[in-house]
Structure formats: C-alpha cells, structure tokens
file my_file06.pdb (PDB, C-alpha atoms and all ligand atoms)
ATOM      1  CA  MET S   1      74.859  97.098 -69.002
ATOM      2  CA  GLY S   2      77.532  97.486 -71.681
ATOM      3  CA  LEU S   3      77.555 100.270 -74.206
ATOM      4  CA  GLN S   4      76.686  97.837 -77.024
ATOM      5  CA  THR S   5      73.620  96.701 -75.087
ATOM      6  CA  VAL S   6      72.479 100.278 -74.546
ATOM      7  CA  ILE S   7      72.965 101.130 -78.211
ATOM      8  CA  ARG S   8      71.082  98.004 -79.260
ATOM      9  CA  ALA S   9      68.206  98.826 -76.926
ATOM     10  CA  LEU S  10      67.972 102.389 -78.256
ATOM     11  CA  PHE S  11      68.464 101.491 -81.887
ATOM     12  CA  PRO S  12      67.383  97.921 -82.637
ATOM     13  CA  PRO S  13      69.203  96.653 -85.725
ATOM     14  CA  GLN S  14      67.272  96.938 -88.938
ATOM     15  CA  CYS S  15      66.966  94.563 -91.850
ATOM     16  CA  LEU S  16      69.575  95.248 -94.552
ATOM     17  CA  LEU S  17      66.785  95.809 -97.056
ATOM     18  CA  CYS S  18      63.858  97.347 -95.236
ATOM     19  CA  GLU S  19      62.878  99.147 -92.048
ATOM     20  CA  ALA S  20      61.958  95.986 -90.170
ATOM     21  CA  TRP S  21      63.744  95.331 -86.902
ATOM     22  CA  VAL S  22      65.847  92.219 -86.727
ATOM     23  CA  ALA S  23      67.482  90.334 -83.867
ATOM     24  CA  GLU S  24      71.023  90.561 -85.213
ATOM     25  CA  ALA S  25      72.638  93.435 -87.053
ATOM     26  CA  GLY S  26      73.637  92.640 -90.620
ATOM     27  CA  GLY S  27      70.786  90.286 -91.406
ATOM     28  CA  LEU S  28      67.566  90.229 -93.364
ATOM     29  CA  CYS S  29      64.085  90.237 -91.852
ATOM     30  CA  PRO S  30      62.011  87.067 -92.378
ATOM     31  CA  GLU S  31      60.057  88.622 -95.235
ATOM     32  CA  CYS S  32      63.118  89.857 -97.138
ATOM     33  CA  TRP S  33      64.800  86.511 -96.475
ATOM     34  CA  ARG S  34      61.828  84.680 -97.980
ATOM     35  CA  GLU S  35      61.750  86.996-100.989
ATOM     36  CA  THR S  36      65.475  86.752-101.711
ATOM     37  CA  GLU S  37      66.476  84.123-104.248
ATOM     38  CA  PHE S  38      69.467  82.548-102.573
ATOM     39  CA  LEU S  39      71.616  80.361-104.777
ATOM     40  CA  THR S  40      71.239  76.935-103.246
ATOM     41  CA  GLY S  41      71.151  73.442-104.666
ATOM     42  CA  VAL S  42      73.509  72.412-107.440
ATOM     43  CA  LEU S  43      75.652  75.260-108.758
ATOM     44  CA  CYS S  44      78.387  75.298-111.358
ATOM     45  CA  ASP S  45      81.701  75.089-109.459
ATOM     46  CA  SER S  46      83.295  77.532-111.914
ATOM     47  CA  CYS S  47      80.632  80.232-112.298
ATOM     48  CA  ALA S  48      77.941  79.553-109.642
ATOM     49  CA  ALA S  49      75.222  79.163-112.274
ATOM     50  CA  PRO S  50      72.299  77.095-110.960
ATOM     51  CA  LEU S  51      72.168  73.649-112.529
ATOM     52  CA  PRO S  52      69.336  71.153-112.663
ATOM     53  CA  GLY S  53      69.631  68.018-110.609
ATOM     54  CA  LEU S  54      70.090  66.918-107.057
ATOM     55  CA  GLU S  55      72.826  67.875-104.651
ATOM     56  CA  ALA S  56      76.017  66.139-105.745
ATOM     57  CA  ASP S  57      79.142  65.382-103.737
ATOM     58  CA  ILE S  58      81.414  66.125-106.655
ATOM     59  CA  ALA S  59      82.050  69.495-108.271
ATOM     60  CA  VAL S  60      79.983  69.993-111.395
ATOM     61  CA  GLN S  61      80.324  72.524-114.179
ATOM     62  CA  CYS S  62      77.875  74.106-116.579
ATOM     63  CA  ASP S  63      78.194  73.583-120.334
ATOM     64  CA  THR S  64      79.605  77.081-120.829
ATOM     65  CA  CYS S  65      82.422  76.538-118.320
ATOM     66  CA  LEU S  66      83.136  73.075-119.749
ATOM     67  CA  SER S  67      83.534  74.447-123.259
ATOM     68  CA  THR S  68      85.192  77.746-122.258
ATOM     69  CA  PRO S  69      86.784  77.382-118.816
ATOM     70  CA  PRO S  70      87.130  80.674-116.948
ATOM     71  CA  PRO S  71      90.655  81.701-115.880
ATOM     72  CA  TRP S  72      89.805  81.148-112.204
ATOM     73  CA  ARG S  73      89.219  77.828-110.401
ATOM     74  CA  HIS S  74      86.044  78.284-108.390
ATOM     75  CA  ALA S  75      83.305  80.902-108.184
ATOM     76  CA  ARG S  76      80.866  81.371-105.318
ATOM     77  CA  ALA S  77      77.776  83.610-105.144
ATOM     78  CA  VAL S  78      75.144  84.193-102.479
ATOM     79  CA  MET S  79      71.996  85.197-104.334
ATOM     80  CA  ARG S  80      70.500  85.876-107.708
ATOM     81  CA  TYR S  81      70.889  89.367-109.097
ATOM     82  CA  SER S  82      67.130  89.876-109.290
ATOM     83  CA  GLY S  83      64.356  91.077-107.007
ATOM     84  CA  ARG S  84      65.672  91.770-103.503
ATOM     85  CA  GLY S  85      69.140  90.526-104.409
ATOM     86  CA  ARG S  86      69.336  93.270-106.987
ATOM     87  CA  HIS S  87      67.991  95.848-104.515
ATOM     88  CA  LEU S  88      70.696  94.887-102.040
ATOM     89  CA  VAL S  89      73.479  95.286-104.613
ATOM     90  CA  LEU S  90      72.137  98.601-105.884
ATOM     91  CA  ALA S  91      71.728  99.966-102.341
ATOM     92  CA  LEU S  92      75.342  99.077-101.524
ATOM     93  CA  LYS S  93      76.554 100.522-104.816
ATOM     94  CA  HIS S  94      74.541 103.704-105.186
ATOM     95  CA  SER S  95      72.833 104.650-101.942
ATOM     96  CA  ASP S  96      75.761 105.137 -99.602
ATOM     97  CA  ARG S  97      74.606 102.073 -97.701
ATOM     98  CA  THR S  98      78.114 101.121 -96.646
ATOM     99  CA  ASP S  99      76.506  99.513 -93.574
ATOM    100  CA  ILE S 100      75.387  96.656 -95.831
ATOM    101  CA  ALA S 101      78.971  95.472 -96.420
ATOM    102  CA  PRO S 102      79.587  93.489 -93.188
ATOM    103  CA  GLY S 103      76.285  91.572 -93.436
ATOM    104  CA  ALA S 104      76.782  90.945 -97.147
ATOM    105  CA  ALA S 105      80.350  89.790 -96.512
ATOM    106  CA  SER S 106      79.241  87.313 -93.880
ATOM    107  CA  MET S 107      76.810  85.792 -96.392
ATOM    108  CA  MET S 108      79.658  85.673 -98.952
ATOM    109  CA  HIS S 109      81.888  84.008 -96.365
ATOM    110  CA  ARG S 110      79.274  81.303 -95.807
ATOM    111  CA  ALA S 111      78.880  80.760 -99.564
ATOM    112  CA  ALA S 112      82.658  80.542-100.081
ATOM    113  CA  HIS S 113      83.704  78.848 -96.824
ATOM    114  CA  ASP S 114      85.122  75.884 -98.760
ATOM    115  CA  ILE S 115      87.587  77.991-100.750
ATOM    116  CA  ILE S 116      88.644  80.696 -98.282
ATOM    117  CA  THR S 117      91.539  80.054 -95.902
ATOM    118  CA  THR S 118      93.443  82.378 -93.585
ATOM    119  CA  GLU S 119      96.183  82.358 -96.273
ATOM    120  CA  SER S 120      93.845  83.817 -98.905
ATOM    121  CA  VAL S 121      94.088  87.422-100.019
ATOM    122  CA  PHE S 122      90.940  89.308-101.042
ATOM    123  CA  VAL S 123      91.336  91.612-104.017
ATOM    124  CA  PRO S 124      88.402  93.804-105.060
ATOM    125  CA  VAL S 125      87.540  94.516-108.678
ATOM    126  CA  PRO S 126      88.698  98.110-109.146
ATOM    127  CA  LEU S 127      86.096 100.746-109.803
ATOM    128  CA  HIS S 128      85.818 102.064-113.324
ATOM    129  CA  TRP S 129      87.576 105.380-113.666
ATOM    130  CA  THR S 130      84.409 107.212-114.731
ATOM    131  CA  ARG S 131      82.728 106.171-111.492
ATOM    132  CA  LEU S 132      85.562 106.990-109.130
ATOM    133  CA  ALA S 133      84.827 110.683-109.394
ATOM    134  CA  LYS S 134      81.134 110.280-108.619
ATOM    135  CA  ARG S 135      81.391 107.845-105.730
ATOM    136  CA  ARG S 136      83.174 108.055-102.440
ATOM    137  CA  TYR S 137      83.841 104.362-102.181
ATOM    138  CA  ASN S 138      84.316 101.172-104.122
ATOM    139  CA  GLN S 139      81.664  98.716-102.956
ATOM    140  CA  ALA S 140      83.869  95.740-103.915
ATOM    141  CA  ALA S 141      86.656  97.111-101.697
ATOM    142  CA  LEU S 142      84.239  97.398 -98.761
ATOM    143  CA  LEU S 143      83.231  93.767 -99.253
ATOM    144  CA  ALA S 144      86.874  92.645 -99.517
ATOM    145  CA  GLN S 145      87.781  94.480 -96.305
ATOM    146  CA  ALA S 146      84.778  93.064 -94.450
ATOM    147  CA  LEU S 147      85.624  89.556 -95.699
ATOM    148  CA  ALA S 148      89.206  89.917 -94.499
ATOM    149  CA  LYS S 149      88.038  91.069 -91.088
ATOM    150  CA  GLN S 150      85.614  88.170 -90.719
ATOM    151  CA  THR S 151      87.901  85.420 -92.013
ATOM    152  CA  GLY S 152      91.261  86.484 -90.624
ATOM    153  CA  ALA S 153      92.679  86.565 -94.145
ATOM    154  CA  GLN S 154      94.205  89.631 -95.790
ATOM    155  CA  ALA S 155      92.677  92.186 -98.127
ATOM    156  CA  ALA S 156      94.744  94.001-100.736
ATOM    157  CA  VAL S 157      92.318  96.681-101.853
ATOM    158  CA  GLY S 158      94.848  98.480-104.013
ATOM    159  CA  ALA S 159      96.257  95.376-105.718
ATOM    160  CA  LEU S 160      94.410  96.070-108.967
ATOM    161  CA  HIS S 161      94.093  99.381-110.724
ATOM    162  CA  ARG S 162      91.791 100.270-113.569
ATOM    163  CA  SER S 163      93.225 102.792-115.965
ATOM    164  CA  LYS S 164      91.456 104.954-118.449
ATOM    165  CA  ARG S 165      90.377 103.189-121.572
ATOM    166  CA  THR S 166      92.051 104.735-124.569
ATOM    167  CA  ARG S 167      90.035 103.086-127.291
ATOM    168  CA  SER S 168      86.353 102.516-127.791
ATOM    169  CA  LEU S 169      85.297  98.864-127.748
ATOM    170  CA  GLY S 170      82.829  99.484-130.561
ATOM    171  CA  GLY S 171      83.517  97.480-133.698
ATOM    172  CA  LEU S 172      85.894  95.076-131.941
ATOM    173  CA  ASN S 173      85.288  91.349-131.862
ATOM    174  CA  ALA S 174      85.103  89.413-128.583
ATOM    175  CA  ASP S 175      88.822  88.576-128.470
ATOM    176  CA  ALA S 176      89.881  92.125-129.221
ATOM    177  CA  ARG S 177      87.447  93.461-126.607
ATOM    178  CA  ALA S 178      88.887  91.089-124.005
ATOM    179  CA  ARG S 179      92.433  92.236-124.861
ATOM    180  CA  GLU S 180      91.387  95.890-124.565
ATOM    181  CA  LEU S 181      89.763  95.211-121.195
ATOM    182  CA  ASP S 182      92.815  93.260-119.981
ATOM    183  CA  ALA S 183      95.010  96.204-120.886
ATOM    184  CA  THR S 184      93.023  98.588-118.673
ATOM    185  CA  ILE S 185      93.400  96.414-115.572
ATOM    186  CA  VAL S 186      96.865  96.364-114.098
ATOM    187  CA  VAL S 187      98.377  94.878-110.972
ATOM    188  CA  ALA S 188      99.496  97.867-108.927
ATOM    189  CA  GLN S 189     100.846  95.796-106.009
ATOM    190  CA  PRO S 190     102.526  92.682-107.475
ATOM    191  CA  GLN S 191     103.903  91.592-104.092
ATOM    192  CA  ALA S 192     100.340  91.362-102.745
ATOM    193  CA  VAL S 193      99.414  88.598-105.212
ATOM    194  CA  LEU S 194     102.705  86.843-106.022
ATOM    195  CA  GLY S 195     102.467  83.175-105.060
ATOM    196  CA  ARG S 196      99.189  83.780-103.228
ATOM    197  CA  HIS S 197      95.704  82.335-103.297
ATOM    198  CA  VAL S 198      93.800  85.356-104.544
ATOM    199  CA  VAL S 199      90.043  85.631-104.072
ATOM    200  CA  ILE S 200      88.674  88.327-106.357
ATOM    201  CA  VAL S 201      85.704  90.093-104.785
ATOM    202  CA  ASP S 202      82.878  91.920-106.526
ATOM    203  CA  ASP S 203      79.286  92.808-105.750
ATOM    204  CA  VAL S 204      77.805  91.229-108.844
ATOM    205  CA  LEU S 205      78.771  88.823-111.595
ATOM    206  CA  THR S 206      77.030  89.673-114.840
ATOM    207  CA  SER S 207      78.861  88.826-118.080
ATOM    208  CA  GLY S 208      82.040  88.067-116.146
ATOM    209  CA  ALA S 209      84.182  89.977-118.665
ATOM    210  CA  THR S 210      85.731  92.276-116.055
ATOM    211  CA  LEU S 211      86.267  89.430-113.586
ATOM    212  CA  ARG S 212      88.000  87.403-116.308
ATOM    213  CA  ALA S 213      90.269  90.352-117.115
ATOM    214  CA  CYS S 214      91.114  90.753-113.402
ATOM    215  CA  ALA S 215      91.829  87.023-113.018
ATOM    216  CA  ARG S 216      94.056  86.856-116.087
ATOM    217  CA  THR S 217      96.019  89.894-114.980
ATOM    218  CA  ILE S 218      96.510  88.523-111.463
ATOM    219  CA  LEU S 219      97.623  85.123-112.768
ATOM    220  CA  GLN S 220     100.104  86.801-115.095
ATOM    221  CA  ALA S 221     101.471  88.621-112.049
ATOM    222  CA  GLY S 222     102.280  85.243-110.494
ATOM    223  CA  ALA S 223      99.348  84.385-108.211
ATOM    224  CA  ALA S 224      99.284  80.689-107.256
ATOM    225  CA  HIS S 225      95.592  80.463-108.056
ATOM    226  CA  VAL S 226      92.531  82.636-108.304
ATOM    227  CA  ASP S 227      88.940  82.157-107.138
ATOM    228  CA  ILE S 228      85.915  84.460-107.317
ATOM    229  CA  VAL S 229      83.349  85.427-104.725
ATOM    230  CA  VAL S 230      80.426  87.736-105.449
ATOM    231  CA  LEU S 231      77.310  88.764-103.572
ATOM    232  CA  ALA S 232      74.912  88.318-106.490
ATOM    233  CA  ARG S 233      74.943  86.528-109.782
ATOM    234  CA  ALA S 234      72.940  87.509-112.848
ATOM    235  CA  ALA S 235      71.124  84.679-114.566
ATOM    236  CA  PRO S 236      73.445  83.173-117.162
ATOM    237  CA  GLN S 237      72.536  83.745-120.769
ATOM    238  CA  ALA S 238      70.680  80.714-122.039
TER     239      ALA S 238
HETATM  240 ZN    ZN I 301      63.462  93.320 -94.630
HETATM  241 ZN    ZN I 302      79.696  77.584-115.139
END

call {"tool": "encode", "arguments": {"input": "my_file06.pdb", "output": "structure tokens", "more": "lines below"}}
Ligand SMILES: [Zn+2]
Ligand SMILES: [Zn+2]
result
Amino acid sequence: MGLQTVIRALFPPQCLLCEAWVAEAGGLCPECWRETEFLTGVLCDSCAAPLPGLEADIAVQCDTCLSTPPPWRHARAVMRYSGRGRHLVLALKHSDRTDIAPGAASMMHRAAHDIITTESVFVPVPLHWTRLAKRRYNQAALLAQALAKQTGAQAAVGALHRSKRTRSLGGLNADARARELDATIVVAQPQAVLGRHVVIVDDVLTSGATLRACARTILQAGAAHVDIVVLARAAPQA
C-alpha cells in the first residue's frame, strides 16, 4: 500500500465547501455541486456573462461588450459569484483555505480549456497594497500557480505589481478613475509578458475595472494577446 493510499484511508478527502467526504480531493460533494450555480449554456465570449438562447457554435457577445469591447479577447468563468460560489471565493480569500486552490484551478482549466495552451503564461491580479500586510498570500497567485502546474504552461506571479494609490478616486469621472487605476498597476517583469499569450487570473470578476487595468498595462508592455480566467463571476449590472 502506497503512502498516498494510507493517507487517503486515514483522512478521506473532504468537499471544498463543507465537511462531507468526497471520492476525489479537490472536488465538491453532490449537495454543494447541486447548490453551486455553474456558468453553463450560452456565455458572452468576452466577459462570461450568461446570455439567453440555446448553445451556439459561434462566439457570441453581450450588448455591453459589443458597445464597449474589453481590452482582452476572451473571458472564462466557472461559477456565479453568489451562494456557494461566493462562499468558495471568500474561503479562499479570507479563511486561509489555500487547499481550495488546486481544485478551483482544475475547474478554471476546464472552463478555459479552449483558450489555454502550453505556451500561455498565467499572470495573477496583484493584491491591493492595503491587503498585502493583512494576508499571507495572494489568492489569485495561488490559482495562477495551480493552473500552471495543471496545464504545463508557465505562471509569472510577479509580472504585475500594484503600487500605492496616491490620489483618491472620489470626484473623478469614469475615464479619470480608469487612468488612475491603470497608473497603480505596473508590469514588474516585462520579459515575462513580451510577445506572449497572457492569461490574467483572478478569483472573481465583479466590475472588471481592475482586470481591465491589468490587461491594458500588459498589452502596453507588448503581450501578443490577453485573455481572462476567473473562478467566479458577479452578475452583470442590468
Ligand atoms: Zn459539500
Ligand atoms: Zn460580455
């Protein structure tokens, strides 16, 4: 009997979200699986927003992405940022549940299998400077590393750096806010992104403002193209 077998017999793997035992480490139990709102069906190719209609063979985009295309090409997400999807993100982010990262990354790999190649480089959204002091880890970096391990592609966890914001965003219009945000995100390792297919990794896509700033900065640094993969996606504003 191998060591892994002994360990598994002594400590059966648990569901990522609850105490239930599961057959394979890094998965969800049947109940949590049922209760999680996975993003399936027709999704916007550019922001992973659910769209009405039947499965289509061609890439479709939501009205928002058609009128204001994001700086990246494709976005992929696993689940809605609500209910158990939200619990999973918050546990990874705030509860020292670093053990969630490999299982979450394998779900992200499945959701983004059509855009990831072994030539891709995973770049995590850098942690905000105010949070670095409080937390031991950047959850996006854990996901990027786990994705690299599972796909055979590279991760460049230090490629982006978030510097201290010097000005308050209060009183600024949307364009000025975006410029301020862009200015706080810098490419710290230009050689890691130059000419590459960069996949920006984050735990959750909410407004997308930070992801847009990261994508713009990486493209300016000479990346060939940029895609996005996140674990959870907040419902788009109607
Ligand atoms: Zn469970
Ligand atoms: Zn969209």

call {"tool": "resolve_selection", "arguments": {"input": "my_file06.pdb", "expression": "the PyMOL selection byres (((not hetatm)) within 10 of (chain I and resi 301))", "output": "short mmCIF file (atom, residue, chain, number, x, y, z; two decimals) with C-alpha atoms, in the coordinates of the input"}}
result
data_model
loop_
_atom_site.label_atom_id
_atom_site.label_comp_id
_atom_site.auth_asym_id
_atom_site.auth_seq_id
_atom_site.Cartn_x
_atom_site.Cartn_y
_atom_site.Cartn_z
CA GLN S 14 67.27 96.94 -88.94
CA CYS S 15 66.97 94.56 -91.85
CA LEU S 16 69.58 95.25 -94.55
CA LEU S 17 66.78 95.81 -97.06
CA CYS S 18 63.86 97.35 -95.24
CA GLU S 19 62.88 99.15 -92.05
CA ALA S 20 61.96 95.99 -90.17
CA TRP S 21 63.74 95.33 -86.90
CA VAL S 22 65.85 92.22 -86.73
CA GLY S 27 70.79 90.29 -91.41
CA LEU S 28 67.57 90.23 -93.36
CA CYS S 29 64.08 90.24 -91.85
CA PRO S 30 62.01 87.07 -92.38
CA GLU S 31 60.06 88.62 -95.24
CA CYS S 32 63.12 89.86 -97.14
CA TRP S 33 64.80 86.51 -96.48
CA ARG S 34 61.83 84.68 -97.98
CA GLU S 35 61.75 87.00 -100.99
CA THR S 36 65.47 86.75 -101.71
CA ARG S 84 65.67 91.77 -103.50
#

call {"tool": "closest_residue", "arguments": {"input": "my_file06.pdb", "among": "S:Leu54, S:Leu39, S:Ala223, S:Cys62", "to": "ligand ZN 302 (chain I)", "atoms": "all atoms listed in the file"}}
result
S:Cys62

call {"tool": "residues_near_ligand", "arguments": {"input": "my_file06.pdb", "ligand": "ligand ZN 302 (chain I)", "cutoff": "10 Å", "atoms": "all atoms listed in the file", "output": "ChimeraX atom specification"}}
result
/S:43-51,60-70,74-75,236

call {"tool": "residues_around", "arguments": {"input": "my_file06.pdb", "residues": "Ile228 in chain S", "least_positions_apart": "2", "cutoff": "7 Å", "atoms": "only C-alpha atoms", "output": "ChimeraX atom specification"}}
result
/S:74-76,199-201,226,230

call {"tool": "resolve_selection", "arguments": {"input": "my_file06.pdb", "expression": "the PyMOL selection byres (((chain S and resi 127) around 6) and not hetatm)", "output": "MDAnalysis selection string"}}
result
chainID S and resid 126 128 138

call {"tool": "write_last_selection", "arguments": {"input": "my_file06.pdb", "atoms": "C-alpha atoms", "output": "short mmCIF file (atom, residue, chain, number, x, y, z; two decimals), keeping the file's coordinate frame"}}
result
data_model
loop_
_atom_site.label_atom_id
_atom_site.label_comp_id
_atom_site.auth_asym_id
_atom_site.auth_seq_id
_atom_site.Cartn_x
_atom_site.Cartn_y
_atom_site.Cartn_z
CA PRO S 126 88.70 98.11 -109.15
CA HIS S 128 85.82 102.06 -113.32
CA ASN S 138 84.32 101.17 -104.12
#

call {"tool": "closest_residue", "arguments": {"input": "my_file06.pdb", "among": "S:Arg80, S:Lys93, S:His109, S:Arg73", "to": "Ala140 in chain S", "atoms": "only C-alpha atoms"}}
result
S:Lys93

call {"tool": "residues_near_point", "arguments": {"input": "my_file06.pdb", "point": "(75.8, 90.5, -96.0)", "cutoff": "12 Å", "atoms": "only C-alpha atoms", "output": "PyMOL selection string"}}
result
chain S and resi 15-17+24-28+33+77-79+85+88-89+92+97-111+142-144+146-147+150+203+230-232

call {"tool": "write_last_selection", "arguments": {"input": "my_file06.pdb", "atoms": "C-alpha atoms", "output": "mmCIF file, keeping the file's coordinate frame"}}
result
data_model
loop_
_atom_site.group_PDB
_atom_site.id
_atom_site.type_symbol
_atom_site.label_atom_id
_atom_site.label_comp_id
_atom_site.auth_asym_id
_atom_site.auth_seq_id
_atom_site.Cartn_x
_atom_site.Cartn_y
_atom_site.Cartn_z
ATOM 1 C CA CYS S 15 66.966 94.563 -91.850
ATOM 2 C CA LEU S 16 69.575 95.248 -94.552
ATOM 3 C CA LEU S 17 66.785 95.809 -97.056
ATOM 4 C CA GLU S 24 71.023 90.561 -85.213
ATOM 5 C CA ALA S 25 72.638 93.435 -87.053
ATOM 6 C CA GLY S 26 73.637 92.640 -90.620
ATOM 7 C CA GLY S 27 70.786 90.286 -91.406
ATOM 8 C CA LEU S 28 67.566 90.229 -93.364
ATOM 9 C CA TRP S 33 64.800 86.511 -96.475
ATOM 10 C CA ALA S 77 77.776 83.610 -105.144
ATOM 11 C CA VAL S 78 75.144 84.193 -102.479
ATOM 12 C CA MET S 79 71.996 85.197 -104.334
ATOM 13 C CA GLY S 85 69.140 90.526 -104.409
ATOM 14 C CA LEU S 88 70.696 94.887 -102.040
ATOM 15 C CA VAL S 89 73.479 95.286 -104.613
ATOM 16 C CA LEU S 92 75.342 99.077 -101.524
ATOM 17 C CA ARG S 97 74.606 102.073 -97.701
ATOM 18 C CA THR S 98 78.114 101.121 -96.646
ATOM 19 C CA ASP S 99 76.506 99.513 -93.574
ATOM 20 C CA ILE S 100 75.387 96.656 -95.831
ATOM 21 C CA ALA S 101 78.971 95.472 -96.420
ATOM 22 C CA PRO S 102 79.587 93.489 -93.188
ATOM 23 C CA GLY S 103 76.285 91.572 -93.436
ATOM 24 C CA ALA S 104 76.782 90.945 -97.147
ATOM 25 C CA ALA S 105 80.350 89.790 -96.512
ATOM 26 C CA SER S 106 79.241 87.313 -93.880
ATOM 27 C CA MET S 107 76.810 85.792 -96.392
ATOM 28 C CA MET S 108 79.658 85.673 -98.952
ATOM 29 C CA HIS S 109 81.888 84.008 -96.365
ATOM 30 C CA ARG S 110 79.274 81.303 -95.807
ATOM 31 C CA ALA S 111 78.880 80.760 -99.564
ATOM 32 C CA LEU S 142 84.239 97.398 -98.761
ATOM 33 C CA LEU S 143 83.231 93.767 -99.253
ATOM 34 C CA ALA S 144 86.874 92.645 -99.517
ATOM 35 C CA ALA S 146 84.778 93.064 -94.450
ATOM 36 C CA LEU S 147 85.624 89.556 -95.699
ATOM 37 C CA GLN S 150 85.614 88.170 -90.719
ATOM 38 C CA ASP S 203 79.286 92.808 -105.750
ATOM 39 C CA VAL S 230 80.426 87.736 -105.449
ATOM 40 C CA LEU S 231 77.310 88.764 -103.572
ATOM 41 C CA ALA S 232 74.912 88.318 -106.490
#

call {"tool": "atom_distance", "arguments": {"input": "my_file06.pdb", "atom1": "CA of Thr151 in chain S", "atom2": "CA of Ala213 in chain S"}}
result
25.7 Å

call {"tool": "atom_distance", "arguments": {"input": "my_file06.pdb", "atom1": "CA of Arg177 in chain S", "atom2": "CA of Arg212 in chain S"}}
result
12.0 Å

call {"tool": "atom_distance", "arguments": {"input": "my_file06.pdb", "atom1": "CA of Phe38 in chain S", "atom2": "CA of Ser82 in chain S"}}
result
10.2 Å

call {"tool": "closest_residue", "arguments": {"input": "my_file06.pdb", "among": "S:Gln139, S:Gln191, S:Val204, S:His197", "to": "Ile115 in chain S", "atoms": "all atoms listed in the file"}}
result
S:His197

call {"tool": "closest_residue", "arguments": {"input": "my_file06.pdb", "among": "S:Pro13, S:Pro124, S:Gly2, S:Gly53", "to": "Asp227 in chain S", "atoms": "all atoms listed in the file"}}
result
S:Pro124

call {"tool": "resolve_selection", "arguments": {"input": "my_file06.pdb", "expression": "the PyMOL selection byres (((chain S and resi 189) around 8) and not hetatm)", "output": "MDAnalysis selection string"}}
result
chainID S and resid 158:160 187:188 190:193

call {"tool": "residues_around", "arguments": {"input": "my_file06.pdb", "residues": "Ala148 in chain S", "least_positions_apart": "6", "cutoff": "7 Å", "atoms": "only C-alpha atoms", "output": "MDAnalysis selection string"}}
result
chainID S and resid 122 154:155

call {"tool": "build_atoms", "arguments": {"input": "my_file06.pdb", "residues": "range 153-159 of chain S", "atoms": "all heavy atoms", "output": "mmCIF file, in the coordinates of the input"}}
result
data_model
loop_
_atom_site.group_PDB
_atom_site.id
_atom_site.type_symbol
_atom_site.label_atom_id
_atom_site.label_comp_id
_atom_site.auth_asym_id
_atom_site.auth_seq_id
_atom_site.Cartn_x
_atom_site.Cartn_y
_atom_site.Cartn_z
ATOM 1 N N ALA S 153 91.779 86.506 -92.999
ATOM 2 C CA ALA S 153 92.679 86.565 -94.145
ATOM 3 C C ALA S 153 93.005 88.037 -94.442
ATOM 4 O O ALA S 153 92.510 88.938 -93.760
ATOM 5 C CB ALA S 153 92.043 85.895 -95.353
ATOM 6 N N GLN S 154 93.819 88.260 -95.454
ATOM 7 C CA GLN S 154 94.205 89.631 -95.790
ATOM 8 C C GLN S 154 93.324 90.194 -96.900
ATOM 9 O O GLN S 154 92.764 89.453 -97.690
ATOM 10 C CB GLN S 154 95.641 89.648 -96.309
ATOM 11 C CG GLN S 154 96.695 89.567 -95.237
ATOM 12 C CD GLN S 154 98.069 89.646 -95.874
ATOM 13 O OE1 GLN S 154 98.388 88.861 -96.764
ATOM 14 N NE2 GLN S 154 98.862 90.591 -95.439
ATOM 15 N N ALA S 155 93.264 91.520 -96.963
ATOM 16 C CA ALA S 155 92.677 92.186 -98.127
ATOM 17 C C ALA S 155 93.753 93.074 -98.725
ATOM 18 O O ALA S 155 94.524 93.699 -97.995
ATOM 19 C CB ALA S 155 91.471 93.023 -97.720
ATOM 20 N N ALA S 156 93.823 93.094 -100.043
ATOM 21 C CA ALA S 156 94.744 94.001 -100.736
ATOM 22 C C ALA S 156 93.891 94.851 -101.666
ATOM 23 O O ALA S 156 93.719 94.544 -102.837
ATOM 24 C CB ALA S 156 95.801 93.215 -101.508
ATOM 25 N N VAL S 157 93.322 95.916 -101.094
ATOM 26 C CA VAL S 157 92.318 96.681 -101.853
ATOM 27 C C VAL S 157 92.928 97.493 -102.992
ATOM 28 O O VAL S 157 92.221 97.858 -103.925
ATOM 29 C CB VAL S 157 91.465 97.604 -100.943
ATOM 30 C CG1 VAL S 157 90.604 96.787 -99.994
ATOM 31 C CG2 VAL S 157 92.317 98.579 -100.179
ATOM 32 N N GLY S 158 94.222 97.722 -102.932
ATOM 33 C CA GLY S 158 94.848 98.480 -104.013
ATOM 34 C C GLY S 158 95.642 97.609 -104.974
ATOM 35 O O GLY S 158 96.424 98.116 -105.780
ATOM 36 N N ALA S 159 95.443 96.284 -104.898
ATOM 37 C CA ALA S 159 96.257 95.376 -105.718
ATOM 38 C C ALA S 159 96.004 95.575 -107.209
ATOM 39 O O ALA S 159 96.914 95.496 -108.021
ATOM 40 C CB ALA S 159 96.004 93.931 -105.325
#
